[in-house]
$ cat my_file35.tsv   # TSV, C-alpha atoms
chain	number	residue	atom	x	y	z
A	1	MET	CA	113.57	117.41	115.91
A	2	ASP	CA	114.39	117.42	112.21
A	3	LEU	CA	112.59	120.43	110.67
A	4	THR	CA	111.33	118.33	107.79
A	5	VAL	CA	109.77	115.83	110.19
A	6	LEU	CA	108.29	118.75	112.15
A	7	TRP	CA	106.67	120.10	109.00
A	8	ALA	CA	105.29	116.65	108.22
A	9	PHE	CA	103.67	116.66	111.67
A	10	ILE	CA	102.29	120.18	111.08
A	11	ILE	CA	100.64	119.06	107.85
A	12	ALA	CA	99.30	115.93	109.55
A	13	PHE	CA	97.97	118.06	112.43
A	14	ALA	CA	96.19	120.40	109.99
A	15	VAL	CA	94.58	117.45	108.21
A	16	PHE	CA	93.45	115.90	111.50
A	17	ALA	CA	92.13	119.26	112.72
A	18	TYR	CA	90.14	119.55	109.51
A	19	VAL	CA	88.69	116.07	110.00
A	20	VAL	CA	87.81	116.94	113.60
A	21	MET	CA	86.31	120.34	112.79
A	22	ASP	CA	84.62	119.73	109.43
A	23	GLY	CA	83.91	116.01	109.67
A	24	PHE	CA	80.88	116.29	111.92
A	25	ASP	CA	79.15	118.99	109.87
A	26	LEU	CA	79.74	117.01	106.66
A	27	GLY	CA	78.26	114.04	108.52
A	28	ILE	CA	75.17	116.07	109.42
A	29	GLY	CA	74.79	116.99	105.75
A	30	ILE	CA	75.10	113.34	104.70
A	31	LEU	CA	72.34	112.30	107.12
A	32	PHE	CA	70.19	115.40	106.63
A	33	PRO	CA	67.41	113.65	104.63
A	34	VAL	CA	66.83	111.22	107.50
A	35	PHE	CA	65.76	113.99	109.87
A	36	LYS	CA	62.19	115.25	109.81
A	37	VAL	CA	61.44	118.41	107.85
A	38	GLY	CA	60.97	121.34	110.18
A	39	ASP	CA	62.29	121.53	113.73
A	40	GLU	CA	64.62	118.52	113.50
A	41	ARG	CA	66.43	119.74	110.40
A	42	ASP	CA	66.55	123.30	111.74
A	43	GLN	CA	68.01	122.10	115.02
A	44	ALA	CA	70.61	119.98	113.23
A	45	MET	CA	71.59	122.92	111.02
A	46	ASN	CA	71.77	125.34	113.94
A	47	SER	CA	74.13	123.04	115.82
A	48	ILE	CA	76.85	123.78	113.24
A	49	ALA	CA	75.81	127.28	112.15
A	50	PRO	CA	78.34	129.24	114.27
A	51	VAL	CA	81.35	127.11	113.34
A	52	TRP	CA	80.93	125.37	109.98
A	53	ASP	CA	82.74	127.90	107.80
A	54	GLY	CA	85.65	128.47	110.19
A	55	ASN	CA	86.24	124.72	110.34
A	56	GLU	CA	87.56	124.75	106.79
A	57	THR	CA	90.47	126.99	107.83
A	58	TRP	CA	92.39	123.79	108.52
A	59	LEU	CA	91.86	122.52	104.98
A	60	VAL	CA	93.52	125.70	103.70
A	61	LEU	CA	96.40	125.26	106.15
A	62	GLY	CA	96.90	121.63	105.14
A	63	GLY	CA	96.83	122.30	101.40
A	64	GLY	CA	98.82	125.52	101.60
A	65	GLY	CA	101.34	123.97	103.96
A	66	LEU	CA	101.84	121.03	101.60
A	67	LEU	CA	102.54	123.43	98.72
A	68	ALA	CA	104.91	125.59	100.78
A	69	ALA	CA	106.84	122.88	102.63
A	70	PHE	CA	106.70	119.96	100.19
A	71	PRO	CA	106.21	121.44	96.70
A	72	LEU	CA	107.45	118.33	94.90
A	73	ALA	CA	104.82	116.19	96.61
A	74	TYR	CA	102.19	118.82	95.87
A	75	SER	CA	103.13	118.84	92.17
A	76	ILE	CA	102.76	115.04	92.02
A	77	ILE	CA	99.70	114.48	94.20
A	78	LEU	CA	97.51	117.24	92.76
A	79	PRO	CA	97.70	116.11	89.11
A	80	ALA	CA	97.06	112.54	90.27
A	81	THR	CA	93.85	113.57	92.05
A	82	TYR	CA	92.62	116.62	90.13
A	83	PRO	CA	89.11	115.23	89.46
A	84	LEU	CA	88.65	114.37	93.14
A	85	ILE	CA	89.94	117.75	94.33
A	86	ILE	CA	87.60	119.53	91.90
A	87	ILE	CA	84.63	117.45	93.11
A	88	MET	CA	85.53	118.14	96.74
A	89	LEU	CA	85.82	121.90	96.25
A	90	LEU	CA	82.60	122.10	94.24
A	91	GLY	CA	80.86	120.06	96.92
A	92	LEU	CA	82.08	122.36	99.69
A	93	ILE	CA	81.09	125.47	97.72
A	94	PHE	CA	77.65	124.12	96.84
A	95	ARG	CA	77.10	123.02	100.43
A	96	GLY	CA	77.99	126.50	101.69
A	97	VAL	CA	75.60	128.15	99.25
A	98	ALA	CA	72.83	125.74	100.22
A	99	PHE	CA	73.50	126.38	103.91
A	100	GLU	CA	72.86	130.09	103.50
A	101	PHE	CA	70.03	129.95	100.97
A	102	ARG	CA	67.84	127.47	102.83
A	103	TRP	CA	67.19	130.32	105.30
A	104	ARG	CA	67.10	133.14	102.76
A	105	ASP	CA	64.91	131.33	100.22
A	106	PRO	CA	62.37	129.25	102.19
A	107	SER	CA	60.15	128.71	99.13
A	108	HIS	CA	62.88	126.47	97.64
A	109	ARG	CA	64.02	124.89	100.89
A	110	LYS	CA	63.58	121.33	99.60
A	111	PHE	CA	66.04	122.06	96.81
A	112	TRP	CA	68.58	123.66	99.15
A	113	ASP	CA	68.26	120.78	101.64
A	114	ALA	CA	68.96	118.30	98.85
A	115	SER	CA	71.90	120.45	97.71
A	116	PHE	CA	73.27	120.52	101.25
A	117	THR	CA	73.23	116.73	101.34
A	118	ALA	CA	74.66	116.29	97.84
A	119	GLY	CA	77.51	118.73	98.51
A	120	SER	CA	78.36	117.10	101.82
A	121	LEU	CA	78.30	113.59	100.36
A	122	ALA	CA	80.41	114.58	97.34
A	123	ALA	CA	83.02	116.34	99.50
A	124	ALA	CA	83.29	113.44	101.97
A	125	MET	CA	83.51	110.78	99.27
A	126	ALA	CA	86.13	112.79	97.34
A	127	GLN	CA	88.26	113.27	100.46
A	128	GLY	CA	88.24	109.57	101.26
A	129	MET	CA	89.01	108.57	97.68
A	130	THR	CA	91.87	111.10	97.54
A	131	LEU	CA	93.40	109.46	100.60
A	132	GLY	CA	92.99	106.04	99.01
A	133	ALA	CA	94.53	107.24	95.74
A	134	ILE	CA	97.64	108.41	97.59
A	135	LEU	CA	97.93	105.23	99.63
A	136	GLN	CA	97.57	102.86	96.69
A	137	GLY	CA	100.49	104.55	94.96
A	138	VAL	CA	101.08	107.18	92.31
A	139	GLU	CA	103.05	106.59	89.13
A	140	VAL	CA	106.03	108.96	89.04
A	141	ALA	CA	108.60	109.55	86.30
A	142	ASP	CA	111.25	112.28	86.27
A	143	ARG	CA	109.84	113.80	89.47
A	144	ALA	CA	106.39	114.29	87.91
A	145	TYR	CA	103.08	112.46	87.80
A	146	ALA	CA	103.13	109.94	84.96
A	147	GLY	CA	99.79	108.23	85.38
A	148	SER	CA	96.46	108.67	83.61
A	149	TRP	CA	93.47	110.87	84.44
A	150	PHE	CA	91.53	108.03	86.12
A	151	ASP	CA	94.21	106.11	88.02
A	152	TRP	CA	92.53	107.23	91.24
A	153	PHE	CA	89.36	105.22	90.49
A	154	THR	CA	89.83	101.71	91.93
A	155	PRO	CA	88.01	99.35	94.34
A	156	TYR	CA	90.42	100.45	97.08
A	157	THR	CA	89.64	104.16	96.67
A	158	LEU	CA	85.91	103.41	96.67
A	159	LEU	CA	86.43	101.55	99.93
A	160	THR	CA	88.32	104.44	101.55
A	161	GLY	CA	85.69	106.86	100.23
A	162	LEU	CA	82.85	104.88	101.77
A	163	GLY	CA	84.81	104.55	105.00
A	164	THR	CA	85.19	108.33	105.20
A	165	VAL	CA	81.48	108.86	104.53
A	166	ALA	CA	80.56	106.38	107.28
A	167	GLY	CA	83.07	107.94	109.69
A	168	TYR	CA	81.75	111.44	109.06
A	169	ALA	CA	78.21	110.17	109.56
A	170	LEU	CA	79.29	108.78	112.95
A	171	LEU	CA	80.82	112.12	113.90
A	172	GLY	CA	77.67	113.92	112.79
A	173	THR	CA	75.33	111.73	114.82
A	174	THR	CA	77.44	111.87	117.97
A	175	TRP	CA	77.75	115.65	117.61
A	176	LEU	CA	73.94	115.94	117.43
A	177	ILE	CA	73.60	113.70	120.49
A	178	TRP	CA	75.74	116.23	122.34
A	179	LYS	CA	74.18	119.42	120.97
A	180	THR	CA	70.46	118.71	120.50
A	181	THR	CA	67.41	117.60	122.42
A	182	GLY	CA	64.06	115.97	121.78
A	183	GLY	CA	63.32	114.16	118.54
A	184	THR	CA	66.57	115.23	116.91
A	185	GLN	CA	68.63	113.69	119.69
A	186	LYS	CA	66.55	110.49	119.64
A	187	ASP	CA	67.08	110.12	115.90
A	188	ALA	CA	70.79	110.80	116.38
A	189	TYR	CA	71.03	108.01	118.96
A	190	ARG	CA	69.16	105.69	116.58
A	191	LEU	CA	71.45	106.52	113.65
A	192	ALA	CA	74.71	106.48	115.63
A	193	LYS	CA	74.69	102.71	116.18
A	194	PRO	CA	74.54	101.65	112.48
A	195	ALA	CA	76.96	104.47	111.62
A	196	ALA	CA	79.40	103.11	114.21
A	197	VAL	CA	79.07	99.56	112.87
A	198	ALA	CA	79.60	100.73	109.28
A	199	THR	CA	82.62	102.81	110.30
A	200	LEU	CA	84.30	99.98	112.15
A	201	VAL	CA	83.58	97.41	109.42
A	202	LEU	CA	85.00	99.71	106.73
A	203	MET	CA	88.01	100.60	108.91
A	204	ALA	CA	88.71	96.89	109.26
A	205	ALA	CA	88.28	96.32	105.52
A	206	VAL	CA	90.68	99.15	104.64
A	207	SER	CA	93.17	97.93	107.25
A	208	LEU	CA	93.12	94.40	105.82
A	209	TYR	CA	93.34	95.61	102.22
A	210	THR	CA	96.18	98.12	102.69
A	211	PRO	CA	99.04	95.67	103.49
A	212	PHE	CA	98.45	93.96	100.15
A	213	LEU	CA	99.08	97.21	98.24
A	214	GLY	CA	102.84	97.07	98.72
A	215	ALA	CA	105.72	95.41	100.53
A	216	GLN	CA	106.30	98.48	102.71
A	217	TYR	CA	102.79	98.30	104.15
A	218	TRP	CA	103.04	94.56	104.78
A	219	GLN	CA	106.37	95.01	106.56
A	220	ARG	CA	105.02	97.77	108.81
A	221	TRP	CA	102.03	95.74	109.98
A	222	PHE	CA	103.13	92.11	109.97
A	223	GLU	CA	106.90	91.87	110.39
A	224	MET	CA	109.09	92.21	113.48
A	225	PRO	CA	109.85	94.53	115.14
A	226	TYR	CA	107.31	96.89	113.52
A	227	ILE	CA	104.34	94.74	114.46
A	228	LEU	CA	105.02	95.30	118.17
A	229	PHE	CA	104.26	99.00	117.72
A	230	ALA	CA	101.64	98.78	114.96
A	231	ALA	CA	99.56	96.17	116.82
A	232	GLN	CA	98.67	98.76	119.47
A	233	VAL	CA	96.47	100.61	116.96
A	234	PRO	CA	93.87	97.86	116.35
A	235	LEU	CA	93.96	97.00	120.05
A	236	LEU	CA	93.10	100.57	120.97
A	237	VAL	CA	90.39	100.64	118.28
A	238	LEU	CA	88.73	97.62	119.92
A	239	ILE	CA	88.88	99.27	123.34
A	240	LEU	CA	87.40	102.54	122.07
A	241	SER	CA	84.72	100.65	120.15
A	242	TYR	CA	83.57	98.98	123.36
A	243	PHE	CA	83.30	102.31	125.16
A	244	LEU	CA	81.57	103.90	122.15
A	245	PHE	CA	78.74	101.35	122.10
A	246	ARG	CA	78.59	101.36	125.89
A	247	GLY	CA	78.14	105.14	125.84
A	248	LEU	CA	75.46	104.97	123.15
A	249	PHE	CA	73.44	102.28	124.93
A	250	LYS	CA	73.75	104.09	128.27
A	251	GLY	CA	72.58	107.38	126.75
A	252	GLN	CA	75.78	109.32	127.34
A	253	GLU	CA	75.91	112.64	125.47
A	254	VAL	CA	79.51	113.88	125.30
A	255	ALA	CA	81.58	110.68	125.46
A	256	PRO	CA	80.42	109.16	122.12
A	257	PHE	CA	81.61	112.20	120.17
A	258	LEU	CA	85.00	112.29	121.89
A	259	ILE	CA	85.45	108.55	121.40
A	260	SER	CA	84.56	108.91	117.71
A	261	LEU	CA	87.31	111.51	117.40
A	262	GLY	CA	89.63	109.03	119.06
A	263	LEU	CA	88.79	106.44	116.41
A	264	PHE	CA	89.67	108.93	113.68
A	265	PHE	CA	92.94	109.72	115.44
A	266	LEU	CA	93.83	106.04	115.55
A	267	GLY	CA	92.90	105.65	111.89
A	268	MET	CA	95.20	108.51	110.93
A	269	SER	CA	97.92	107.10	113.17
A	270	GLY	CA	97.67	103.83	111.29
A	271	LEU	CA	98.06	105.66	107.99
A	272	GLY	CA	101.10	107.45	109.35
A	273	ILE	CA	102.65	104.14	110.42
A	274	SER	CA	102.04	102.76	106.92
A	275	MET	CA	103.43	105.72	104.97
A	276	PHE	CA	106.28	107.27	106.96
A	277	PRO	CA	108.77	108.46	105.79
A	278	TYR	CA	107.18	108.58	102.33
A	279	ILE	CA	104.87	111.42	101.36
A	280	VAL	CA	104.24	109.80	97.96
A	281	PRO	CA	104.35	106.09	98.87
A	282	ASP	CA	107.41	104.22	97.59
A	283	GLN	CA	108.36	107.17	95.40
A	284	VAL	CA	109.14	110.38	97.31
A	285	THR	CA	110.18	110.74	100.96
A	286	ILE	CA	109.49	113.84	103.01
A	287	TRP	CA	113.18	114.78	102.71
A	288	ASP	CA	113.10	114.42	98.93
A	289	ALA	CA	110.07	116.71	98.69
A	290	ALA	CA	111.02	119.33	101.29
A	291	VAL	CA	112.12	122.89	100.60
A	292	PRO	CA	115.52	124.10	101.94
A	293	GLU	CA	115.91	124.44	105.69
A	294	SER	CA	116.05	128.24	105.52
A	295	SER	CA	112.61	128.29	103.89
A	296	GLN	CA	111.25	125.89	106.51
A	297	ILE	CA	112.48	128.16	109.30
A	298	PHE	CA	110.96	131.23	107.64
A	299	MET	CA	107.56	129.54	107.28
A	300	LEU	CA	107.75	128.09	110.77
A	301	ILE	CA	107.82	131.62	112.22
A	302	GLY	CA	104.47	132.31	110.55
A	303	VAL	CA	103.00	129.04	111.81
A	304	VAL	CA	104.15	129.71	115.38
A	305	LEU	CA	102.49	133.13	115.27
A	306	THR	CA	99.23	132.25	113.52
A	307	VAL	CA	98.25	128.73	114.57
A	308	PRO	CA	97.91	129.59	118.30
A	309	LEU	CA	95.66	132.51	117.31
A	310	ILE	CA	93.51	130.22	115.16
A	311	LEU	CA	93.30	127.67	117.97
A	312	ALA	CA	92.41	130.36	120.51
A	313	TYR	CA	89.71	131.86	118.30
A	314	THR	CA	88.29	128.43	117.47
A	315	GLY	CA	88.22	127.43	121.12
A	316	TRP	CA	86.56	130.73	122.06
A	317	THR	CA	83.89	130.23	119.39
A	318	TYR	CA	83.02	126.75	120.61
A	319	TRP	CA	82.95	128.02	124.18
A	320	VAL	CA	80.60	130.92	123.38
A	321	PHE	CA	78.20	128.62	121.52
A	322	ARG	CA	78.39	125.77	124.02
A	323	GLY	CA	75.25	124.03	125.21
A	324	LYS	CA	72.15	122.83	123.44
A	325	VAL	CA	70.73	124.53	120.36
A	326	GLY	CA	67.21	125.57	119.43
A	327	THR	CA	65.28	125.72	116.16
A	328	ASP	CA	65.37	129.43	115.36
A	329	GLY	CA	67.39	130.32	112.26
A	330	TYR	CA	70.86	131.61	113.04
A	331	HIS	CA	70.36	134.65	110.82

$ encode --input "my_file35.tsv" --output "structure tokens"
Amino acid sequence: MDLTVLWAFIIAFAVFAYVVMDGFDLGIGILFPVFKVGDERDQAMNSIAPVWDGNETWLVLGGGGLLAAFPLAYSIILPATYPLIIIMLLGLIFRGVAFEFRWRDPSHRKFWDASFTAGSLAAAMAQGMTLGAILQGVEVADRAYAGSWFDWFTPYTLLTGLGTVAGYALLGTTWLIWKTTGGTQKDAYRLAKPAAVATLVLMAAVSLYTPFLGAQYWQRWFEMPYILFAAQVPLLVLILSYFLFRGLFKGQEVAPFLISLGLFFLGMSGLGISMFPYIVPDQVTIWDAAVPESSQIFMLIGVVLTVPLILAYTGWTYWVFRGKVGTDGYH
């Protein structure tokens, strides 16, 4: 395989791993006010307590890998989305502080609970809008960002932001179905159905909107022979949607979460179909943005050594903390 293509897959894998690992705990934060104060909120928080901070390792790998492997793309995308990246990072930081202080400072728990929700919502919305800002196109001149400070703010980016929030909420509810019991699980089942509907409606809206952003997107989704391959994505989404609602109505615990992850995978696959081989749509391909092959080989050695260790540690953590959670604080 072409090393540049391999590095594109590594970055895509890191982004998907982040969505898988951090999406459900952001979703729990988004829905936190809906759960009853006391045991339900404590149980929801404890379901992510052992893993929430380690999940963000993949965000570091994705961002750092983009800088190391595709510095030109990094230098274009970051200036185009600086406000969103700043909002996302502040949201993640504030959420982490709130996570710790709601246990350490019980007299102000209402404030920390609200902060946990606000940070989660801000981070999720910013991530979705960043994706939309990249997809809708970035103005480039002389290999540098040439747009304005607020080019990222459009109806399309708001749509992708809301879609990400809804998708994370779905992941959060299905995770709680798996990991909790009692009233928390009942509320999670109740919330999962509207979250699933919202996610699928917004996925459909983004999918219908995207081809009208540029000729490349239209060609990939509606012209032969590309349509023969691309059409499998919405077909698989329909199949998974059926099994998702079937699992929710039948009271299944594990399947809804795994199916929700499958929907995210298909969504990201659709984005890959739309963009490849561009990393900055219609402006910069992955080969234009890549560092020399010798640098890619050097970095690949580090990835081969470290990523299996991260995966092993992450898997071990989830295995150790498997099963249902209680209400006692994790501290």

$ closest_atom_pairs --input "my_file35.tsv" --of "region 124-187 of chain A" --to "region 239-250 of chain A" --cutoff "12 Å" --atoms "all atoms listed in the file" --output "CSV"
residue,atom,partner,partner_atom,distance
A:Leu170,CA,A:Leu244,CA,10.7
A:Leu171,CA,A:Leu244,CA,11.7
A:Thr173,CA,A:Leu248,CA,10.7
A:Thr174,CA,A:Leu248,CA,8.9
A:Ile177,CA,A:Leu248,CA,9.3
A:Trp178,CA,A:Leu248,CA,11.3
A:Gln185,CA,A:Leu248,CA,11.6
A:Lys186,CA,A:Leu248,CA,11.1

$ write_last_selection --input "my_file35.tsv" --atoms "C-alpha atoms" --output "CSV table (one decimal), in the coordinates of the input"
chain,number,residue,atom,x,y,z
A,170,LEU,CA,79.3,108.8,113.0
A,171,LEU,CA,80.8,112.1,113.9
A,173,THR,CA,75.3,111.7,114.8
A,174,THR,CA,77.4,111.9,118.0
A,177,ILE,CA,73.6,113.7,120.5
A,178,TRP,CA,75.7,116.2,122.3
A,185,GLN,CA,68.6,113.7,119.7
A,186,LYS,CA,66.6,110.5,119.6

$ closest_atom_pairs --input "my_file35.tsv" --of "region 212-246 of chain A" --to "region 276-288 of chain A" --cutoff "10 Å" --atoms "only C-alpha atoms" --output "tab-separated table"
residue	atom	partner	partner_atom	distance
A:Gly214	CA	A:Asp282	CA	8.6
A:Ala215	CA	A:Asp282	CA	9.4
A:Gln216	CA	A:Asp282	CA	7.8
A:Tyr217	CA	A:Pro281	CA	9.5
A:Arg220	CA	A:Phe276	CA	9.8

$ residues_around --input "my_file35.tsv" --residues "region 58-64 of chain A" --least-positions-apart "6" --cutoff "10 Å" --atoms "all atoms listed in the file" --output "MDAnalysis selection string"
chainID A and resid 10:22 70:71 74 303 307 310

$ atom_distance --input "my_file35.tsv" --atom1 "CA of Val320 (chain A)" --atom2 "CA of Leu258 (chain A)"
19.2 Å

$ residues_around --input "my_file35.tsv" --residues "Trp152 (chain A)" --least-positions-apart "4" --cutoff "8 Å" --atoms "all atoms listed in the file" --output "PyMOL selection string"
chain A and resi 80-81+129-130+132-133+157

$ closest_residue --input "my_file35.tsv" --among "A:Tyr318, A:Ala144, A:Ala195, A:Leu228" --to "Leu72 (chain A)" --atoms "all atoms listed in the file"
A:Ala144

$ residues_around --input "my_file35.tsv" --residues "Arg322 (chain A)" --least-positions-apart "5" --cutoff "10 Å" --atoms "only C-alpha atoms" --output "list in words"
Ser47, Lys179, Trp316 and Thr317 of chain A

$ closest_residue --input "my_file35.tsv" --among "A:Leu31, A:Val37, A:Met268, A:Ile48" --to "Arg109 (chain A)" --atoms "all atoms listed in the file"
A:Val37

$ residues_around --input "my_file35.tsv" --residues "Trp7 (chain A)" --least-positions-apart "6" --cutoff "10 Å" --atoms "only C-alpha atoms" --output "PDB file with C-alpha atoms, in the frame of the given file"
ATOM      1  CA  PHE A  13      97.970 118.060 112.430  1.00  0.00           C
ATOM      2  CA  GLY A  65     101.340 123.970 103.960  1.00  0.00           C
ATOM      3  CA  LEU A  66     101.840 121.030 101.600  1.00  0.00           C
ATOM      4  CA  ALA A  69     106.840 122.880 102.630  1.00  0.00           C
ATOM      5  CA  PHE A  70     106.700 119.960 100.190  1.00  0.00           C
ATOM      6  CA  ILE A 286     109.490 113.840 103.010  1.00  0.00           C
ATOM      7  CA  ALA A 290     111.020 119.330 101.290  1.00  0.00           C
ATOM      8  CA  GLN A 296     111.250 125.890 106.510  1.00  0.00           C
ATOM      9  CA  ILE A 297     112.480 128.160 109.300  1.00  0.00           C
ATOM     10  CA  MET A 299     107.560 129.540 107.280  1.00  0.00           C
ATOM     11  CA  LEU A 300     107.750 128.090 110.770  1.00  0.00           C
TER      12      LEU A 300
END

$ build_atoms --input "my_file35.tsv" --residues "region 102-111 of chain A" --atoms "all heavy atoms" --output "short mmCIF file (atom, residue, chain, number, x, y, z; two decimals), in the coordinates of the input"
data_model
loop_
_atom_site.label_atom_id
_atom_site.label_comp_id
_atom_site.auth_asym_id
_atom_site.auth_seq_id
_atom_site.Cartn_x
_atom_site.Cartn_y
_atom_site.Cartn_z
N ARG A 102 69.02 128.14 102.28
CA ARG A 102 67.84 127.47 102.83
C ARG A 102 67.12 128.37 103.83
O ARG A 102 65.92 128.20 104.08
CB ARG A 102 68.22 126.13 103.46
CG ARG A 102 68.84 126.19 104.83
CD ARG A 102 69.12 124.79 105.39
NE ARG A 102 67.93 123.98 105.51
CZ ARG A 102 67.14 123.97 106.58
NH1 ARG A 102 67.40 124.75 107.60
NH2 ARG A 102 66.07 123.18 106.61
N TRP A 103 67.83 129.34 104.41
CA TRP A 103 67.19 130.32 105.30
C TRP A 103 66.70 131.52 104.51
O TRP A 103 65.65 132.08 104.82
CB TRP A 103 68.18 130.78 106.37
CG TRP A 103 68.65 129.69 107.27
CD1 TRP A 103 69.87 129.07 107.27
CD2 TRP A 103 67.91 129.06 108.33
NE1 TRP A 103 69.94 128.12 108.25
CE2 TRP A 103 68.75 128.08 108.92
CE3 TRP A 103 66.62 129.23 108.83
CZ2 TRP A 103 68.34 127.29 109.97
CZ3 TRP A 103 66.21 128.44 109.88
CH2 TRP A 103 67.06 127.47 110.45
N ARG A 104 67.44 131.94 103.53
CA ARG A 104 67.10 133.14 102.76
C ARG A 104 65.99 132.91 101.74
O ARG A 104 65.31 133.86 101.34
CB ARG A 104 68.34 133.65 102.01
CG ARG A 104 69.52 134.02 102.90
CD ARG A 104 69.25 135.27 103.69
NE ARG A 104 70.45 135.72 104.39
CZ ARG A 104 70.50 136.81 105.15
NH1 ARG A 104 69.42 137.54 105.33
NH2 ARG A 104 71.63 137.14 105.76
N ASP A 105 65.85 131.66 101.29
CA ASP A 105 64.91 131.33 100.22
C ASP A 105 64.03 130.16 100.65
O ASP A 105 64.13 129.06 100.10
CB ASP A 105 65.70 130.99 98.95
CG ASP A 105 64.81 130.73 97.75
OD1 ASP A 105 63.66 131.21 97.75
OD2 ASP A 105 65.26 130.03 96.83
N PRO A 106 63.15 130.36 101.64
CA PRO A 106 62.37 129.25 102.19
C PRO A 106 61.44 128.60 101.18
O PRO A 106 61.06 127.44 101.34
CB PRO A 106 61.58 129.90 103.33
CG PRO A 106 61.59 131.36 103.04
CD PRO A 106 62.88 131.63 102.34
N SER A 107 61.06 129.29 100.11
CA SER A 107 60.15 128.71 99.13
C SER A 107 60.81 127.57 98.34
O SER A 107 60.13 126.73 97.75
CB SER A 107 59.67 129.78 98.15
OG SER A 107 60.75 130.35 97.44
N HIS A 108 62.15 127.53 98.32
CA HIS A 108 62.88 126.47 97.64
C HIS A 108 63.71 125.64 98.63
O HIS A 108 64.76 125.10 98.27
CB HIS A 108 63.80 127.04 96.56
CG HIS A 108 63.08 127.75 95.46
ND1 HIS A 108 62.86 129.12 95.47
CD2 HIS A 108 62.50 127.27 94.33
CE1 HIS A 108 62.20 129.45 94.37
NE2 HIS A 108 61.96 128.36 93.67
N ARG A 109 63.23 125.55 99.86
CA ARG A 109 64.02 124.89 100.89
C ARG A 109 64.29 123.43 100.59
O ARG A 109 65.36 122.90 100.91
CB ARG A 109 63.36 125.05 102.25
CG ARG A 109 64.18 124.53 103.41
CD ARG A 109 63.69 125.06 104.74
NE ARG A 109 63.98 126.48 104.88
CZ ARG A 109 63.65 127.21 105.95
NH1 ARG A 109 63.02 126.63 106.96
NH2 ARG A 109 63.94 128.49 106.00
N LYS A 110 63.35 122.74 99.95
CA LYS A 110 63.58 121.33 99.60
C LYS A 110 64.80 121.20 98.69
O LYS A 110 65.61 120.28 98.85
CB LYS A 110 62.34 120.75 98.93
CG LYS A 110 61.17 120.50 99.87
CD LYS A 110 60.03 119.83 99.12
CE LYS A 110 58.85 119.55 100.06
NZ LYS A 110 57.71 118.91 99.33
N PHE A 111 64.90 122.11 97.73
CA PHE A 111 66.04 122.06 96.81
C PHE A 111 67.34 122.32 97.55
O PHE A 111 68.34 121.62 97.34
CB PHE A 111 65.85 123.10 95.71
CG PHE A 111 67.07 123.28 94.84
CD1 PHE A 111 67.39 122.33 93.88
CD2 PHE A 111 67.90 124.38 95.00
CE1 PHE A 111 68.51 122.49 93.07
CE2 PHE A 111 69.03 124.55 94.20
CZ PHE A 111 69.33 123.60 93.24
#
